[in-house]
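Q: Have a look at the structure that comes next, please.
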Amino acid sequence: MTSATVNREVLPTNVTPLHYDLQIEPDFKDFKFDGLAKIDLKINDENTDFIKLNTLEIDIHSVKLAKDIKPSSIEYNKEDQISEFYFPKGTMAKLAGSATLEIKFTGILNDQMAGFYRAKYVDKLTGETKYMATTQMEPTDARRAFPCFDEPSLKATYAITLISDPTLTHLSNMDVKSENVVDGKKVTSFNTTPKMSTYLVAFIVADLKYVECKDFRIPVRVYATPGNEKDGQFAADLTAKTLNFFEKTFGIQYPLPKMDNVAVHEFSAGAMENWGLVTYRVVDVLLDKENSTLDRIERVAEVVQHELAHQWFGNLVTMDWWEGLWLNEGFATWMSWYSCNKFEPEWNVWQEYVTDTLQHALALDSLRSSHPVEVPVKKADEINQIFDAISYSKGASLLRMISKWLGEDVFIKGVSQYLTKFKYGNAKTEDLWEALSVASGKDVSAVMNIWTKKVGFPVITVKEDGNKITLTQNRYLSTGDVKAEEDETLYPVFLAIKSKDGVDNSLTLNEKTKTVELKDSEFFKLNSEQSGIYITSYTDERWAKFGKQSELLSVEDRIGLVADAKSLASSGYTSTTNFLNLVANWNKEESFVVLEQILNSIGSLKATWAFEPEEVRDALNTFTRGLVSKRAHELGYQFSNSDSFATQRMKVALFGAACSSRDPIVEKAALDMFAKYVEGDKKAIPALIKPIVFNAVARAGKPEDYERLFNIYKNPINNDEKLAALRTLGRFKDSKLLERTLSYLLDGTVLNQDIYIPMQGMRSHKEGIEALWGWLQKNWDEVSKRLPPGLSMLGSVVVICTSGFTSFKSIDEIKKFFNTKSTKGFDQNLAQSLDTITSKAQWLNRDRDLVKDYLKKNGYSK
């Protein structure tokens, strides 16, 4: 049952599936479902008279092979989630190479957002509590919905039939073949799917309405519960446009007869790319554009395009096993940026990529507990932990690096050839490298295998001697304490050295140390446009020069320098003074993307100093106001249709930073807006800054305003407002209000999918960090029951509730608590959280006095 290569725990291959005929009938009264599975099998070994397949929480009533052969015994391996059917000796030899396995079963319509499950919601039109039955199979929960061979390489075709009350809508991957009412029940049979993996199977039984877009050659719809469907038009229109764009880009037609997007009320991820039936968290597909922030609009656009890229990359061609997850997720992430850039050039998404995707990748990969992009996965319960910033963000960053190296056109050509060769099948990372090598004539594998198979990334230390620079690479760790045995990888680093004369793309650092001679060392910068996955550590003198050379640097270069300076300061490669001086010198920055990176980096510093004395935290706020207040007052916070996208983003960034650093003028404006809003003037708060206004109200901390925000959460104008209010409930610092917010997480007031949202608010201040940790310890049994280890959400909750701390003492306390608990399913998340705290504790111990002195010397302290 294991593969010799990586000792995977997989099913035996004596039989493999060809086709599934599935019939499913949910019962909304006792939350169970009845099922019938007929699986056409290919018999590969006639000398074995058993069949093993995956089931979890499935009650099997009867089993028949070839219509009338019953198993002589049935066993269940709970640890491996495998049902084993043993047949009389000689059975397989008699069946001439193929047979149909028929299984009648009952499953649980669970509330754990996995398999075939129930999602609770309040009907917008009637106020009743209702349920929708929906699916989430990835990575290994199809086995909760029906008995199956639950591995990505065991592709088969599916013919699905759904049975329910006639008033409900039935959806699946394919279009409807027939629909009838039989004995008072609606019976819907769907056409047979192409060959696909179990994790992409989807079916939904619910009360749904839809909007559609007819701009594509097949039906494109967005479904939602009644009253919500109107907000689906943005996604419907974008879906039609994106499918058309991807067809042309890949040169491969989208192969299914329709594309449905469905808003699901309880959903553990952001979205799921089920072939032809993409499911989404409500807030990630429904958009009330006139009342949404720019971040929300970009988020919905990015998620929709990400899931549609998967229809080719993941669904049409699937990784052969889960260590290839990055192939799916990294590519869909890169492709969403690529298509966004084509559709919305004024968004400048490749600039935002540097602040977003690249920084997420570097942050996680800088931890000792990170993992390679291609991480060996042995068991089913290890898979969820690799749905992280390495698979998504580092994967996408590697593809951006390679697309820059090969050229975008050559890269897309190679990808198209890869998809054509492996369509309806499975592939490995090496297959993509081979296709790109053929398209480009370059040895892609030699470069990329190191990046995908080795953990981490390098820091390049630059030493200057006149016009000569000596470059040395070492593995970068945020804790700054890399050991010799952790520092053996030599990464192939594209240096891309920028000077006044342009960019030299010819140099690669393949060795430990290299000396390069420049024509003129007055200005140079490594990693032009920040396309490489590394950090560059310069001398103090060079950092001082950069502070005065912003006009020679592109937006991406400036973002990269700010992010690098903060990372180098936090890990001890450079002084925090260099970071503070750099951003202080760029206080007239005109790019909203650079400003956002400056504010994000200052935010990291503030989070590390969260438990320091109040006068130091106040001084950091004064420092921030020095960067933003004057311009926030000048630019204002009224928004007009004549404002460009960049102007709107700049106003939002300045207003948000001025509010969070307690600028009295801006804070008063925010509180005044809120007062008018709750009195009935629904236009008093511009939609683009509503979450910022809510946060300002929480900072002011009045109990009566807590009540007002709670009322907004219960009676919002849209989902954006609802979640903004919920997050804000965690930002109040009063202990009784924090306790009240925490009580809502488990009493049904907050949906399971949303429990991390008020936690995010709490993590922003020391009172909340302490309250969260106390709550998690007290309620651990209930939390781990509601969010089982198979769900990646449990790991996310553990990280949010622990990683806010900044001391070695807190590390000891967290370790002591979890030493007595099973950490199955989130052990890596916990290790990453502890690494994060270690990094902050070391930064503080190293630069606590230095930062205090800097703030005092430069007039920011009282």
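A note on labels: chains of the structure tokens are A, B, ... as shown, every chain counts residues from 1, and ligands are counted from 1 in their shown order.
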Neighbouring residues of A:Tyr117 were defined as those with any atom within 6 Å, considering only C-alpha atoms; residues of the same chain fewer than 3 positions away were excluded. Please report them as a list in words.

A: Leu109, Asn110, Asp111, Met113, Ala133 and Thr134 of chain A

Q: Would you pick out the contacts of A:Met335 at 7 Å or less, using only C-alpha atoms, so that residues sharing its chain but fewer than 4 positions from it are not included, and give the list as a VMD selection string?

A: chain A and resid 306 309 331 339

Q: Find the spatial neighbours of stretch 400-409 of chain A, counting only C-alpha atoms, within a cut-off of 7 Å - ignore same-chain residues fewer than 2 positions away - and output them as a count of residues only.

A: 10

Q: Quick one: everything within 9 Å of A:Phe313, counting only C-alpha atoms, minus sequence neighbours fewer than 6 positions away in the same chain. Send it as a list in words.

A: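 Contacts, in chain order: Leu327, Asn328, Glu329, Phe331, Ala332 and Leu419 of chain A.
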
Q: May I have the residues within 9 Å of stretch 745-753 of chain A as an mmCIF file with N, CA and C atoms, in the first residue's frame, using only C-alpha atoms and disregarding those fewer than 2 positions away in the same chain?

A:
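Resulting contents of selection-v6.cif:
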```cif
data_model
loop_
_atom_site.group_PDB
_atom_site.id
_atom_site.type_symbol
_atom_site.label_atom_id
_atom_site.label_comp_id
_atom_site.auth_asym_id
_atom_site.auth_seq_id
_atom_site.Cartn_x
_atom_site.Cartn_y
_atom_site.Cartn_z
ATOM 1 N N ASP A 111 -21.583 19.421 9.944
ATOM 2 C CA ASP A 111 -21.467 20.887 10.043
ATOM 3 C C ASP A 111 -20.003 21.295 10.136
ATOM 4 N N GLN A 112 -19.118 20.483 9.531
ATOM 5 C CA GLN A 112 -17.680 20.733 9.644
ATOM 6 C C GLN A 112 -17.054 21.239 8.345
ATOM 7 N N MET A 113 -17.908 21.650 7.398
ATOM 8 C CA MET A 113 -17.437 22.255 6.143
ATOM 9 C C MET A 113 -16.531 21.314 5.357
ATOM 10 N N LYS A 120 -25.321 26.572 7.310
ATOM 11 C CA LYS A 120 -26.443 27.282 7.931
ATOM 12 C C LYS A 120 -26.477 28.732 7.468
ATOM 13 N N TYR A 121 -27.694 29.265 7.293
ATOM 14 C CA TYR A 121 -27.822 30.687 6.967
ATOM 15 C C TYR A 121 -29.200 31.178 7.388
ATOM 16 N N HIS A 265 -22.715 29.692 2.317
ATOM 17 C CA HIS A 265 -22.728 30.466 3.561
ATOM 18 C C HIS A 265 -21.705 30.049 4.595
ATOM 19 N N GLU A 266 -21.366 28.780 4.664
ATOM 20 C CA GLU A 266 -20.294 28.352 5.568
ATOM 21 C C GLU A 266 -19.269 27.608 4.727
ATOM 22 N N PHE A 267 -18.047 28.167 4.709
ATOM 23 C CA PHE A 267 -17.044 27.663 3.769
ATOM 24 C C PHE A 267 -15.680 27.855 4.402
ATOM 25 N N SER A 268 -14.886 26.785 4.455
ATOM 26 C CA SER A 268 -13.633 26.858 5.229
ATOM 27 C C SER A 268 -12.534 27.631 4.516
ATOM 28 N N ALA A 269 -12.542 27.616 3.177
ATOM 29 C CA ALA A 269 -11.502 28.316 2.414
ATOM 30 C C ALA A 269 -12.082 29.604 1.829
ATOM 31 N N ARG A 281 -16.794 31.238 -0.602
ATOM 32 C CA ARG A 281 -17.262 31.969 0.570
ATOM 33 C C ARG A 281 -18.064 33.166 0.045
ATOM 34 N N LYS A 714 -25.377 42.527 13.082
ATOM 35 C CA LYS A 714 -26.616 41.737 13.008
ATOM 36 C C LYS A 714 -27.536 42.205 11.884
ATOM 37 N N LEU A 726 -17.837 42.869 12.417
ATOM 38 C CA LEU A 726 -17.428 41.723 13.229
ATOM 39 C C LEU A 726 -15.956 41.811 13.600
ATOM 40 N N THR A 741 -17.159 39.575 23.110
ATOM 41 C CA THR A 741 -16.873 39.185 21.729
ATOM 42 C C THR A 741 -16.475 37.720 21.653
ATOM 43 N N LEU A 742 -15.611 37.294 22.568
ATOM 44 C CA LEU A 742 -15.167 35.899 22.567
ATOM 45 C C LEU A 742 -16.324 34.942 22.811
ATOM 46 N N SER A 743 -17.317 35.364 23.603
ATOM 47 C CA SER A 743 -18.466 34.483 23.874
ATOM 48 C C SER A 743 -19.268 34.209 22.611
ATOM 49 N N ILE A 755 -15.059 32.536 12.634
ATOM 50 C CA ILE A 755 -14.610 32.783 14.006
ATOM 51 C C ILE A 755 -13.242 33.465 14.070
ATOM 52 N N TYR A 756 -12.461 33.334 12.997
ATOM 53 C CA TYR A 756 -11.133 33.971 13.032
ATOM 54 C C TYR A 756 -11.211 35.482 12.793
ATOM 55 N N ILE A 757 -12.366 35.977 12.317
ATOM 56 C CA ILE A 757 -12.447 37.398 11.922
ATOM 57 C C ILE A 757 -12.368 38.336 13.128
ATOM 58 N N PRO A 758 -13.190 38.153 14.189
ATOM 59 C CA PRO A 758 -12.972 39.016 15.369
ATOM 60 C C PRO A 758 -11.619 38.766 16.027
ATOM 61 N N GLU A 782 -13.538 22.326 22.774
ATOM 62 C CA GLU A 782 -14.652 22.704 21.890
ATOM 63 C C GLU A 782 -14.151 23.214 20.541
ATOM 64 N N VAL A 783 -13.082 24.004 20.561
ATOM 65 C CA VAL A 783 -12.535 24.554 19.310
ATOM 66 C C VAL A 783 -12.028 23.430 18.413
ATOM 67 N N ARG A 786 -14.935 21.539 16.863
ATOM 68 C CA ARG A 786 -15.632 22.265 15.789
ATOM 69 C C ARG A 786 -14.788 22.392 14.536
ATOM 70 N N LEU A 787 -13.489 22.535 14.729
ATOM 71 C CA LEU A 787 -12.575 22.686 13.594
ATOM 72 C C LEU A 787 -11.600 21.517 13.624
ATOM 73 N N MET A 793 -8.391 25.406 8.863
ATOM 74 C CA MET A 793 -8.802 26.512 9.734
ATOM 75 C C MET A 793 -8.299 26.351 11.162
#
```

Q: Just how far from atom CA of A:Glu128 is atom CA of A:Thr728, in Å to one decimal?

A: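 Result for atom CA of A:Thr728 versus atom CA of A:Glu128: 26.4 Å, one decimal.
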
Q: Determine the nearest neighbour of A:Ser784 from the options A:Leu855, A:Val459, A:Val797, A:Ala657, counting only C-alpha atoms.

A: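 Smallest separation from A:Ser784 among the options: A:Val797.
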
Q: A:Ser521, A:Thr461, A:Thr333, A:Ser803: which is nearest A:Leu830, counting only C-alpha atoms?

A: A:Ser803
